[in-house]
Amino acid sequence: RISDQAFVTLATNDIYCQGALVLGQSLRNQRATRKLVVLITPQVSSLLRVILTKVFDEVIEVNLIDSADYIHLAFLKRPELGVTLTKLHCWTLTHYSKCVFLDADTLVLSNIDELFDRTEFSAAPDPGWPDCFNSGVFVFQPSLETHGLLLQHATDHGSFDGADQGLLNSFFSSWSTADIHKHLPFIYNLSSNNAYTYSPAFKRFGSSVKVVHFLGPTKPWNYKYNPQMGSVLEEGSGLANQHQTSFLNLWWKIYQHSILPLYG
Ligand code: UDP
Ligand code: MN
């Protein structure tokens, strides 16, 4: 049954809500046939909660789990990632039989309903270490038992990167070897800033990309956008490449056309 399956994302503050809103709208634009769910934490303002209900079928408040793993997080220079352990709450959505989790910094470019043909735990390789999966897009099966085991695992072993990706990789440790069906193609989680490192592959396969992931410290909402030009403004560094820029422009186009008007 389609109504007992859902796309799920997470936003712990009003900034990440902007990402969640664009993601939710991009799923709607691509005629997603499953429920759209956003997990939020108490920090999210009442205004944003109202806006979120205009795009998502369910807005569910959960408690923040902070990994408090400061040493590893300091190593990663990404102290904000501690809150991503809140992601584990998605396993408590037991009114759904199967879900696809998407980070709030992802953007859906075409229909991805076929991901529901996959089973737990399916994810795409991480571009930085392909024997690990990237935890920005994954297929999972809600279960209080699994949720409990994940929390236990976090308590017993911590997370080797201080965030959800390290924890999930050590919990679902057979991912890289056990079952090729659980390896989602890279087109379901293309990291926008890595697209350029294997340029011929991007030329060959780039047009089939279905989900773009704006992984890393600089998110689409950190750019300035010129609505007249329909383009983000490049700030100095030569880091941004052509593909990345077009994905950023796509994100901003949805934000400008479909999300800003929701604020009335
Ligand atoms: N997230 C959030 N608030 C934060 C940081 C992260 O809600 O302050 C959620 C959000 O869904 C985000 C996900 O956790 O997409 C993972 O974090 P992020 O995407 O920043 O990590 P990256 O993909 O860059 O490693
Ligand atoms: Mn992300």
# chains A, B, ... in the order shown; residues from 1 in each chain; ligands from 1
$ residues_near_ligand --ligand "ligand 2" --cutoff "10 Å" --atoms "only C-alpha atoms and all ligand atoms" --output "number ranges by chain"
A: 19, 81, 84, 102-106, 134-137, 189, 191, 212-217, 219
$ residues_around --residues "Leu109 in chain A" --least-positions-apart "3" --cutoff "9 Å" --atoms "only C-alpha atoms" --output "compact mmCIF listing (two decimals) with C-alpha atoms, in the first residue's frame"
# COMPACT_ATOMS: atom_id res chain seq x y z
CA SER A 26 10.74 19.19 -5.46
CA LEU A 27 9.17 15.84 -4.51
CA ASN A 29 6.88 18.73 -8.54
CA GLN A 30 8.03 15.24 -9.51
CA ILE A 112 12.18 8.47 -7.40
CA VAL A 209 20.89 12.34 -12.01
CA LYS A 210 17.74 12.09 -9.88
CA VAL A 211 18.81 13.47 -6.50
CA VAL A 212 21.41 16.17 -5.92
$ residues_around --residues "Cys90 in chain A" --least-positions-apart "5" --cutoff "9 Å" --atoms "only C-alpha atoms" --output "PyMOL selection string"
chain A and resi 8-10+39+99+101+140+142+147
$ residues_around --residues "Lys98 in chain A" --least-positions-apart "5" --cutoff "12 Å" --atoms "only C-alpha atoms" --output "mmCIF file with all heavy atoms, in the first residue's frame"
data_model
loop_
_atom_site.group_PDB
_atom_site.id
_atom_site.type_symbol
_atom_site.label_atom_id
_atom_site.label_comp_id
_atom_site.auth_asym_id
_atom_site.auth_seq_id
_atom_site.Cartn_x
_atom_site.Cartn_y
_atom_site.Cartn_z
ATOM 1 N N ARG A 1 0.833 -1.199 0.000
ATOM 2 C CA ARG A 1 0.000 0.000 0.000
ATOM 3 C C ARG A 1 0.867 1.248 0.000
ATOM 4 O O ARG A 1 1.791 1.375 0.786
ATOM 5 C CB ARG A 1 -0.910 -0.004 1.236
ATOM 6 C CG ARG A 1 -2.240 -0.668 0.987
ATOM 7 C CD ARG A 1 -2.971 -0.917 2.292
ATOM 8 N NE ARG A 1 -3.135 0.330 3.054
ATOM 9 C CZ ARG A 1 -2.698 0.505 4.283
ATOM 10 N NH1 ARG A 1 -2.057 -0.471 4.901
ATOM 11 N NH2 ARG A 1 -2.890 1.642 4.902
ATOM 12 N N ILE A 2 0.478 2.169 -0.868
ATOM 13 C CA ILE A 2 1.276 3.365 -1.043
ATOM 14 C C ILE A 2 1.152 4.304 0.162
ATOM 15 O O ILE A 2 2.096 4.962 0.559
ATOM 16 C CB ILE A 2 0.854 4.064 -2.360
ATOM 17 C CG1 ILE A 2 1.517 3.332 -3.541
ATOM 18 C CG2 ILE A 2 1.246 5.528 -2.356
ATOM 19 C CD1 ILE A 2 1.150 3.875 -4.885
ATOM 20 N N SER A 3 -0.044 4.330 0.789
ATOM 21 C CA SER A 3 -0.269 5.288 1.884
ATOM 22 C C SER A 3 0.475 4.903 3.152
ATOM 23 O O SER A 3 0.517 5.682 4.097
ATOM 24 C CB SER A 3 -1.758 5.414 2.178
ATOM 25 O OG SER A 3 -2.252 4.163 2.617
ATOM 26 N N ASP A 4 1.037 3.698 3.202
ATOM 27 C CA ASP A 4 1.818 3.378 4.400
ATOM 28 C C ASP A 4 3.330 3.465 4.124
ATOM 29 O O ASP A 4 4.130 2.843 4.804
ATOM 30 C CB ASP A 4 1.404 2.036 5.018
ATOM 31 C CG ASP A 4 1.839 0.847 4.195
ATOM 32 O OD1 ASP A 4 2.391 1.043 3.085
ATOM 33 O OD2 ASP A 4 1.618 -0.289 4.647
ATOM 34 N N GLN A 5 3.666 4.278 3.096
ATOM 35 C CA GLN A 5 5.070 4.531 2.807
ATOM 36 C C GLN A 5 5.290 6.044 2.729
ATOM 37 O O GLN A 5 4.357 6.782 2.392
ATOM 38 C CB GLN A 5 5.469 3.870 1.484
ATOM 39 C CG GLN A 5 5.268 2.348 1.522
ATOM 40 C CD GLN A 5 5.702 1.644 0.253
ATOM 41 O OE1 GLN A 5 5.806 2.263 -0.798
ATOM 42 N NE2 GLN A 5 5.949 0.355 0.360
ATOM 43 N N ALA A 6 6.488 6.487 3.065
ATOM 44 C CA ALA A 6 6.712 7.940 3.134
ATOM 45 C C ALA A 6 8.140 8.334 2.786
ATOM 46 O O ALA A 6 9.081 7.565 3.000
ATOM 47 C CB ALA A 6 6.386 8.446 4.539
ATOM 48 N N PHE A 7 8.249 9.549 2.240
ATOM 49 C CA PHE A 7 9.537 10.232 2.150
ATOM 50 C C PHE A 7 9.690 11.043 3.432
ATOM 51 O O PHE A 7 8.752 11.737 3.838
ATOM 52 C CB PHE A 7 9.576 11.177 0.939
ATOM 53 C CG PHE A 7 9.615 10.467 -0.383
ATOM 54 C CD1 PHE A 7 8.467 10.368 -1.179
ATOM 55 C CD2 PHE A 7 10.794 9.896 -0.845
ATOM 56 C CE1 PHE A 7 8.505 9.712 -2.411
ATOM 57 C CE2 PHE A 7 10.842 9.235 -2.071
ATOM 58 C CZ PHE A 7 9.695 9.145 -2.850
ATOM 59 N N VAL A 8 10.865 10.956 4.065
ATOM 60 C CA VAL A 8 11.084 11.578 5.370
ATOM 61 C C VAL A 8 12.317 12.473 5.307
ATOM 62 O O VAL A 8 13.341 12.092 4.729
ATOM 63 C CB VAL A 8 11.311 10.490 6.451
ATOM 64 C CG1 VAL A 8 11.543 11.122 7.814
ATOM 65 C CG2 VAL A 8 10.129 9.519 6.500
ATOM 66 N N ARG A 34 4.116 8.969 -2.520
ATOM 67 C CA ARG A 34 4.112 8.591 -1.105
ATOM 68 C C ARG A 34 3.905 9.823 -0.229
ATOM 69 O O ARG A 34 4.033 10.951 -0.686
ATOM 70 C CB ARG A 34 5.445 7.929 -0.735
ATOM 71 C CG ARG A 34 5.573 6.434 -0.970
ATOM 72 C CD ARG A 34 4.951 5.905 -2.201
ATOM 73 N NE ARG A 34 5.256 4.498 -2.438
ATOM 74 C CZ ARG A 34 5.375 3.956 -3.633
ATOM 75 N NH1 ARG A 34 5.204 4.688 -4.738
ATOM 76 N NH2 ARG A 34 5.634 2.675 -3.763
ATOM 77 N N LYS A 35 3.581 9.593 1.053
ATOM 78 C CA LYS A 35 3.404 10.684 2.011
ATOM 79 C C LYS A 35 4.727 11.438 2.198
ATOM 80 O O LYS A 35 5.807 10.851 2.079
ATOM 81 C CB LYS A 35 2.935 10.124 3.362
ATOM 82 C CG LYS A 35 1.500 9.626 3.341
ATOM 83 C CD LYS A 35 0.543 10.798 3.470
ATOM 84 C CE LYS A 35 -0.880 10.505 3.041
ATOM 85 N NZ LYS A 35 -1.553 9.409 3.693
ATOM 86 N N CYS A 90 13.796 8.635 12.923
ATOM 87 C CA CYS A 90 12.976 8.202 11.788
ATOM 88 C C CYS A 90 12.566 6.739 11.916
ATOM 89 O O CYS A 90 11.543 6.339 11.376
ATOM 90 C CB CYS A 90 13.677 8.505 10.455
ATOM 91 S SG CYS A 90 15.161 7.554 10.138
ATOM 92 N N TRP A 91 13.340 5.954 12.682
ATOM 93 C CA TRP A 91 12.945 4.544 12.859
ATOM 94 C C TRP A 91 11.694 4.390 13.736
ATOM 95 O O TRP A 91 11.111 3.338 13.802
ATOM 96 C CB TRP A 91 14.114 3.720 13.419
ATOM 97 C CG TRP A 91 14.903 3.067 12.316
ATOM 98 C CD1 TRP A 91 14.647 1.859 11.725
ATOM 99 C CD2 TRP A 91 16.048 3.606 11.646
ATOM 100 N NE1 TRP A 91 15.567 1.605 10.723
ATOM 101 C CE2 TRP A 91 16.443 2.658 10.655
ATOM 102 C CE3 TRP A 91 16.789 4.785 11.774
ATOM 103 C CZ2 TRP A 91 17.544 2.859 9.814
ATOM 104 C CZ3 TRP A 91 17.878 4.990 10.934
ATOM 105 C CH2 TRP A 91 18.239 4.034 9.972
ATOM 106 N N THR A 92 11.309 5.467 14.426
ATOM 107 C CA THR A 92 10.103 5.361 15.277
ATOM 108 C C THR A 92 8.810 5.626 14.497
ATOM 109 O O THR A 92 7.727 5.569 15.079
ATOM 110 C CB THR A 92 10.166 6.356 16.461
ATOM 111 O OG1 THR A 92 10.091 7.697 15.959
ATOM 112 C CG2 THR A 92 11.458 6.192 17.258
ATOM 113 N N LEU A 93 8.904 5.926 13.208
ATOM 114 C CA LEU A 93 7.705 6.217 12.401
ATOM 115 C C LEU A 93 6.987 4.929 12.010
ATOM 116 O O LEU A 93 6.805 4.626 10.826
ATOM 117 C CB LEU A 93 8.084 7.013 11.149
ATOM 118 C CG LEU A 93 8.751 8.374 11.388
ATOM 119 C CD1 LEU A 93 9.232 8.982 10.066
ATOM 120 C CD2 LEU A 93 7.768 9.322 12.078
ATOM 121 N N ASP A 113 10.060 7.299 -6.997
ATOM 122 C CA ASP A 113 9.193 6.333 -6.308
ATOM 123 C C ASP A 113 9.745 4.906 -6.368
ATOM 124 O O ASP A 113 9.458 4.089 -5.501
ATOM 125 C CB ASP A 113 7.792 6.347 -6.920
ATOM 126 C CG ASP A 113 7.029 7.627 -6.597
ATOM 127 O OD1 ASP A 113 7.504 8.398 -5.742
ATOM 128 O OD2 ASP A 113 5.965 7.840 -7.204
ATOM 129 N N LEU A 115 12.446 3.876 -5.595
ATOM 130 C CA LEU A 115 13.289 3.547 -4.428
ATOM 131 C C LEU A 115 12.536 2.663 -3.429
ATOM 132 O O LEU A 115 13.151 1.939 -2.643
ATOM 133 C CB LEU A 115 13.768 4.824 -3.730
ATOM 134 C CG LEU A 115 14.895 5.594 -4.434
ATOM 135 C CD1 LEU A 115 15.257 6.839 -3.644
ATOM 136 C CD2 LEU A 115 16.138 4.697 -4.606
ATOM 137 N N PHE A 116 11.194 2.708 -3.482
ATOM 138 C CA PHE A 116 10.413 1.881 -2.553
ATOM 139 C C PHE A 116 10.431 0.397 -2.943
ATOM 140 O O PHE A 116 9.944 -0.444 -2.200
ATOM 141 C CB PHE A 116 8.981 2.421 -2.423
ATOM 142 C CG PHE A 116 8.946 3.712 -1.644
ATOM 143 C CD1 PHE A 116 9.021 4.933 -2.301
ATOM 144 C CD2 PHE A 116 8.891 3.704 -0.255
ATOM 145 C CE1 PHE A 116 9.027 6.136 -1.587
ATOM 146 C CE2 PHE A 116 8.898 4.898 0.467
ATOM 147 C CZ PHE A 116 8.964 6.108 -0.199
ATOM 148 N N ASP A 117 11.003 0.079 -4.116
ATOM 149 C CA ASP A 117 11.225 -1.337 -4.457
ATOM 150 C C ASP A 117 12.409 -1.904 -3.682
ATOM 151 O O ASP A 117 12.598 -3.116 -3.624
ATOM 152 C CB ASP A 117 11.524 -1.492 -5.957
ATOM 153 C CG ASP A 117 10.341 -1.068 -6.821
ATOM 154 O OD1 ASP A 117 9.214 -1.014 -6.279
ATOM 155 O OD2 ASP A 117 10.550 -0.784 -8.022
ATOM 156 N N ARG A 118 13.227 -1.027 -3.095
ATOM 157 C CA ARG A 118 14.418 -1.471 -2.343
ATOM 158 C C ARG A 118 14.026 -1.795 -0.907
ATOM 159 O O ARG A 118 12.936 -1.448 -0.454
ATOM 160 C CB ARG A 118 15.470 -0.363 -2.338
ATOM 161 C CG ARG A 118 15.826 0.171 -3.714
ATOM 162 C CD ARG A 118 16.964 -0.569 -4.340
ATOM 163 N NE ARG A 118 17.201 -0.114 -5.710
ATOM 164 C CZ ARG A 118 18.324 -0.344 -6.375
ATOM 165 N NH1 ARG A 118 19.315 -1.031 -5.808
ATOM 166 N NH2 ARG A 118 18.467 0.066 -7.610
ATOM 167 N N THR A 119 14.952 -2.430 -0.192
ATOM 168 C CA THR A 119 14.680 -2.795 1.201
ATOM 169 C C THR A 119 15.725 -2.158 2.117
ATOM 170 O O THR A 119 16.743 -1.620 1.649
ATOM 171 C CB THR A 119 14.720 -4.325 1.374
ATOM 172 O OG1 THR A 119 15.988 -4.789 0.918
ATOM 173 C CG2 THR A 119 13.610 -4.995 0.581
ATOM 174 N N GLU A 120 15.447 -2.187 3.431
ATOM 175 C CA GLU A 120 16.439 -1.724 4.410
ATOM 176 C C GLU A 120 17.674 -2.632 4.355
ATOM 177 O O GLU A 120 17.507 -3.847 4.278
ATOM 178 C CB GLU A 120 15.837 -1.767 5.808
ATOM 179 C CG GLU A 120 16.819 -1.366 6.890
ATOM 180 C CD GLU A 120 16.151 -1.190 8.252
ATOM 181 O OE1 GLU A 120 15.444 -0.196 8.431
ATOM 182 O OE2 GLU A 120 16.359 -2.063 9.111
ATOM 183 N N PHE A 121 18.888 -2.126 4.415
ATOM 184 C CA PHE A 121 19.233 -0.731 4.426
ATOM 185 C C PHE A 121 19.914 -0.420 3.103
ATOM 186 O O PHE A 121 20.970 -0.982 2.824
ATOM 187 C CB PHE A 121 20.180 -0.466 5.621
ATOM 188 C CG PHE A 121 20.581 0.976 5.764
ATOM 189 C CD1 PHE A 121 19.873 1.821 6.597
ATOM 190 C CD2 PHE A 121 21.654 1.479 5.045
ATOM 191 C CE1 PHE A 121 20.251 3.160 6.725
ATOM 192 C CE2 PHE A 121 22.023 2.815 5.178
ATOM 193 C CZ PHE A 121 21.313 3.658 6.020
ATOM 194 N N SER A 122 19.279 0.414 2.291
ATOM 195 C CA SER A 122 19.864 0.743 0.995
ATOM 196 C C SER A 122 20.325 2.194 0.995
ATOM 197 O O SER A 122 19.611 3.071 1.484
ATOM 198 C CB SER A 122 18.844 0.539 -0.126
ATOM 199 O OG SER A 122 18.473 -0.825 -0.224
ATOM 200 N N PHE A 138 18.593 7.311 2.130
ATOM 201 C CA PHE A 138 18.576 5.873 2.409
ATOM 202 C C PHE A 138 17.156 5.337 2.535
ATOM 203 O O PHE A 138 16.213 6.061 2.862
ATOM 204 C CB PHE A 138 19.411 5.526 3.650
ATOM 205 C CG PHE A 138 18.985 6.178 4.945
ATOM 206 C CD1 PHE A 138 17.999 5.620 5.742
ATOM 207 C CD2 PHE A 138 19.617 7.339 5.387
ATOM 208 C CE1 PHE A 138 17.632 6.201 6.958
ATOM 209 C CE2 PHE A 138 19.261 7.940 6.601
ATOM 210 C CZ PHE A 138 18.261 7.368 7.389
ATOM 211 N N VAL A 139 17.030 4.040 2.244
ATOM 212 C CA VAL A 139 15.752 3.333 2.379
ATOM 213 C C VAL A 139 15.781 2.585 3.700
ATOM 214 O O VAL A 139 16.763 1.899 4.002
ATOM 215 C CB VAL A 139 15.565 2.327 1.215
ATOM 216 C CG1 VAL A 139 14.211 1.619 1.329
ATOM 217 C CG2 VAL A 139 15.694 3.036 -0.132
ATOM 218 N N PHE A 140 14.715 2.733 4.505
ATOM 219 C CA PHE A 140 14.700 2.058 5.805
ATOM 220 C C PHE A 140 13.299 1.598 6.159
ATOM 221 O O PHE A 140 12.311 2.006 5.542
ATOM 222 C CB PHE A 140 15.260 2.981 6.901
ATOM 223 C CG PHE A 140 14.347 4.127 7.275
ATOM 224 C CD1 PHE A 140 13.548 4.063 8.414
ATOM 225 C CD2 PHE A 140 14.275 5.261 6.483
ATOM 226 C CE1 PHE A 140 12.701 5.114 8.762
ATOM 227 C CE2 PHE A 140 13.429 6.317 6.820
ATOM 228 C CZ PHE A 140 12.646 6.242 7.961
ATOM 229 N N GLN A 141 13.250 0.719 7.176
ATOM 230 C CA GLN A 141 11.976 0.173 7.636
ATOM 231 C C GLN A 141 11.797 0.559 9.105
ATOM 232 O O GLN A 141 12.537 0.080 9.968
ATOM 233 C CB GLN A 141 11.999 -1.355 7.484
ATOM 234 C CG GLN A 141 10.692 -2.007 7.820
ATOM 235 C CD GLN A 141 10.762 -3.520 7.710
ATOM 236 O OE1 GLN A 141 11.575 -4.060 6.946
ATOM 237 N NE2 GLN A 141 9.932 -4.194 8.484
ATOM 238 N N PRO A 142 10.841 1.452 9.396
ATOM 239 C CA PRO A 142 10.640 1.870 10.785
ATOM 240 C C PRO A 142 10.416 0.667 11.691
ATOM 241 O O PRO A 142 9.719 -0.283 11.315
ATOM 242 C CB PRO A 142 9.383 2.749 10.709
ATOM 243 C CG PRO A 142 9.386 3.281 9.312
ATOM 244 C CD PRO A 142 9.927 2.147 8.482
ATOM 245 N N SER A 143 11.032 0.695 12.866
ATOM 246 C CA SER A 143 10.915 -0.404 13.813
ATOM 247 C C SER A 143 11.460 0.066 15.152
ATOM 248 O O SER A 143 12.588 0.568 15.217
ATOM 249 C CB SER A 143 11.718 -1.611 13.304
ATOM 250 O OG SER A 143 12.251 -2.359 14.381
#
$ select_by_dssp --residues "range 57-247 of chain A" --states "alpha helix (DSSP H)" --output "ChimeraX atom specification"
/A:70-76,144-157,164-171,199-205,242-247
$ write_last_selection --atoms "C-alpha atoms" --output "PDB file, in the first residue's frame"
ATOM      1  CA  TYR A  70      32.967  16.745  20.682  1.00  0.00           C
ATOM      2  CA  ILE A  71      36.408  15.318  19.982  1.00  0.00           C
ATOM      3  CA  HIS A  72      35.397  13.627  16.754  1.00  0.00           C
ATOM      4  CA  LEU A  73      33.205  16.527  15.718  1.00  0.00           C
ATOM      5  CA  ALA A  74      36.022  18.962  16.359  1.00  0.00           C
ATOM      6  CA  PHE A  75      38.163  16.741  14.145  1.00  0.00           C
ATOM      7  CA  LEU A  76      35.591  17.104  11.398  1.00  0.00           C
ATOM      8  CA  LEU A 144      11.113   0.370  17.522  1.00  0.00           C
ATOM      9  CA  GLU A 145      13.392  -2.631  17.910  1.00  0.00           C
ATOM     10  CA  THR A 146      15.872  -1.300  15.331  1.00  0.00           C
ATOM     11  CA  HIS A 147      15.625   2.161  16.892  1.00  0.00           C
ATOM     12  CA  GLY A 148      16.542   0.718  20.291  1.00  0.00           C
ATOM     13  CA  LEU A 149      19.441  -1.259  18.821  1.00  0.00           C
ATOM     14  CA  LEU A 150      20.743   1.874  17.092  1.00  0.00           C
ATOM     15  CA  LEU A 151      20.649   3.876  20.331  1.00  0.00           C
ATOM     16  CA  GLN A 152      22.357   1.000  22.129  1.00  0.00           C
ATOM     17  CA  HIS A 153      25.013   0.874  19.421  1.00  0.00           C
ATOM     18  CA  ALA A 154      25.554   4.637  19.769  1.00  0.00           C
ATOM     19  CA  THR A 155      25.974   4.273  23.526  1.00  0.00           C
ATOM     20  CA  ASP A 156      28.319   1.282  23.286  1.00  0.00           C
ATOM     21  CA  HIS A 157      30.454   2.308  20.325  1.00  0.00           C
ATOM     22  CA  ASP A 164      24.839   9.695  12.024  1.00  0.00           C
ATOM     23  CA  GLN A 165      26.847   8.540   9.014  1.00  0.00           C
ATOM     24  CA  GLY A 166      29.577   6.943  11.140  1.00  0.00           C
ATOM     25  CA  LEU A 167      27.051   5.313  13.427  1.00  0.00           C
ATOM     26  CA  LEU A 168      24.843   3.987  10.631  1.00  0.00           C
ATOM     27  CA  ASN A 169      27.849   2.633   8.724  1.00  0.00           C
ATOM     28  CA  SER A 170      29.101   0.710  11.718  1.00  0.00           C
ATOM     29  CA  PHE A 171      25.579  -0.554  12.515  1.00  0.00           C
ATOM     30  CA  SER A 199      34.225  14.979 -15.410  1.00  0.00           C
ATOM     31  CA  PRO A 200      33.856  12.406 -18.245  1.00  0.00           C
ATOM     32  CA  ALA A 201      31.528  10.342 -16.019  1.00  0.00           C
ATOM     33  CA  PHE A 202      29.464  13.409 -15.322  1.00  0.00           C
ATOM     34  CA  LYS A 203      29.268  14.090 -19.071  1.00  0.00           C
ATOM     35  CA  ARG A 204      28.147  10.522 -19.690  1.00  0.00           C
ATOM     36  CA  PHE A 205      25.738  10.033 -16.753  1.00  0.00           C
ATOM     37  CA  GLN A 242      29.235  24.856 -13.825  1.00  0.00           C
ATOM     38  CA  HIS A 243      27.136  21.840 -12.818  1.00  0.00           C
ATOM     39  CA  GLN A 244      27.056  22.903  -9.209  1.00  0.00           C
ATOM     40  CA  THR A 245      25.894  26.365 -10.252  1.00  0.00           C
ATOM     41  CA  SER A 246      23.029  24.992 -12.336  1.00  0.00           C
ATOM     42  CA  PHE A 247      21.872  22.789  -9.434  1.00  0.00           C
TER      43      PHE A 247
END
$ closest_residue --among "A:Thr33, A:Lys54, A:His95, A:Ser46" --to "Leu262 in chain A" --atoms "only C-alpha atoms"
A:Lys54
$ closest_residue --among "A:Phe186, A:Phe172, A:Phe56, A:Tyr198" --to "Val38 in chain A" --atoms "only C-alpha atoms"
A:Phe56
$ select_by_dssp --residues "range 36-227 of chain A" --states "strand (DSSP E)" --output "PyMOL selection string"
chain A and resi 36-40+58-61+98-102+106-108+122-126+129-140+190-191+211-213+224-226
$ residues_around --residues "Asp14 in chain A" --least-positions-apart "4" --cutoff "12 Å" --atoms "only C-alpha atoms" --output "list in words"
Leu10, Gln18, Gly19, Ala20, Leu21, Ile40, Thr41, Pro42, Gln43, Val44, Ser45, Ser46, Leu47, Leu48, Arg49, Val50, Ile51, Leu52, Ala104 and Trp221 of chain A
$ atom_distance --atom1 "atom 14 (O, counted along the ligand's line) of ligand 1" --atom2 "CA of Ala163 in chain A"
9.3 Å
$ closest_residue --among "A:Ile259, A:Ser192, A:Leu36, A:Val59" --to "Val100 in chain A" --atoms "only C-alpha atoms"
A:Leu36
$ closest_residue --among "A:Thr86, A:Asn241, A:Ser207, A:Ser258" --to "ligand 1" --atoms "only C-alpha atoms and all ligand atoms"
A:Thr86
$ closest_residue --among "A:Ile180, A:Leu190, A:Leu260, A:Ala32" --to "ligand 1" --atoms "only C-alpha atoms and all ligand atoms"
A:Leu190
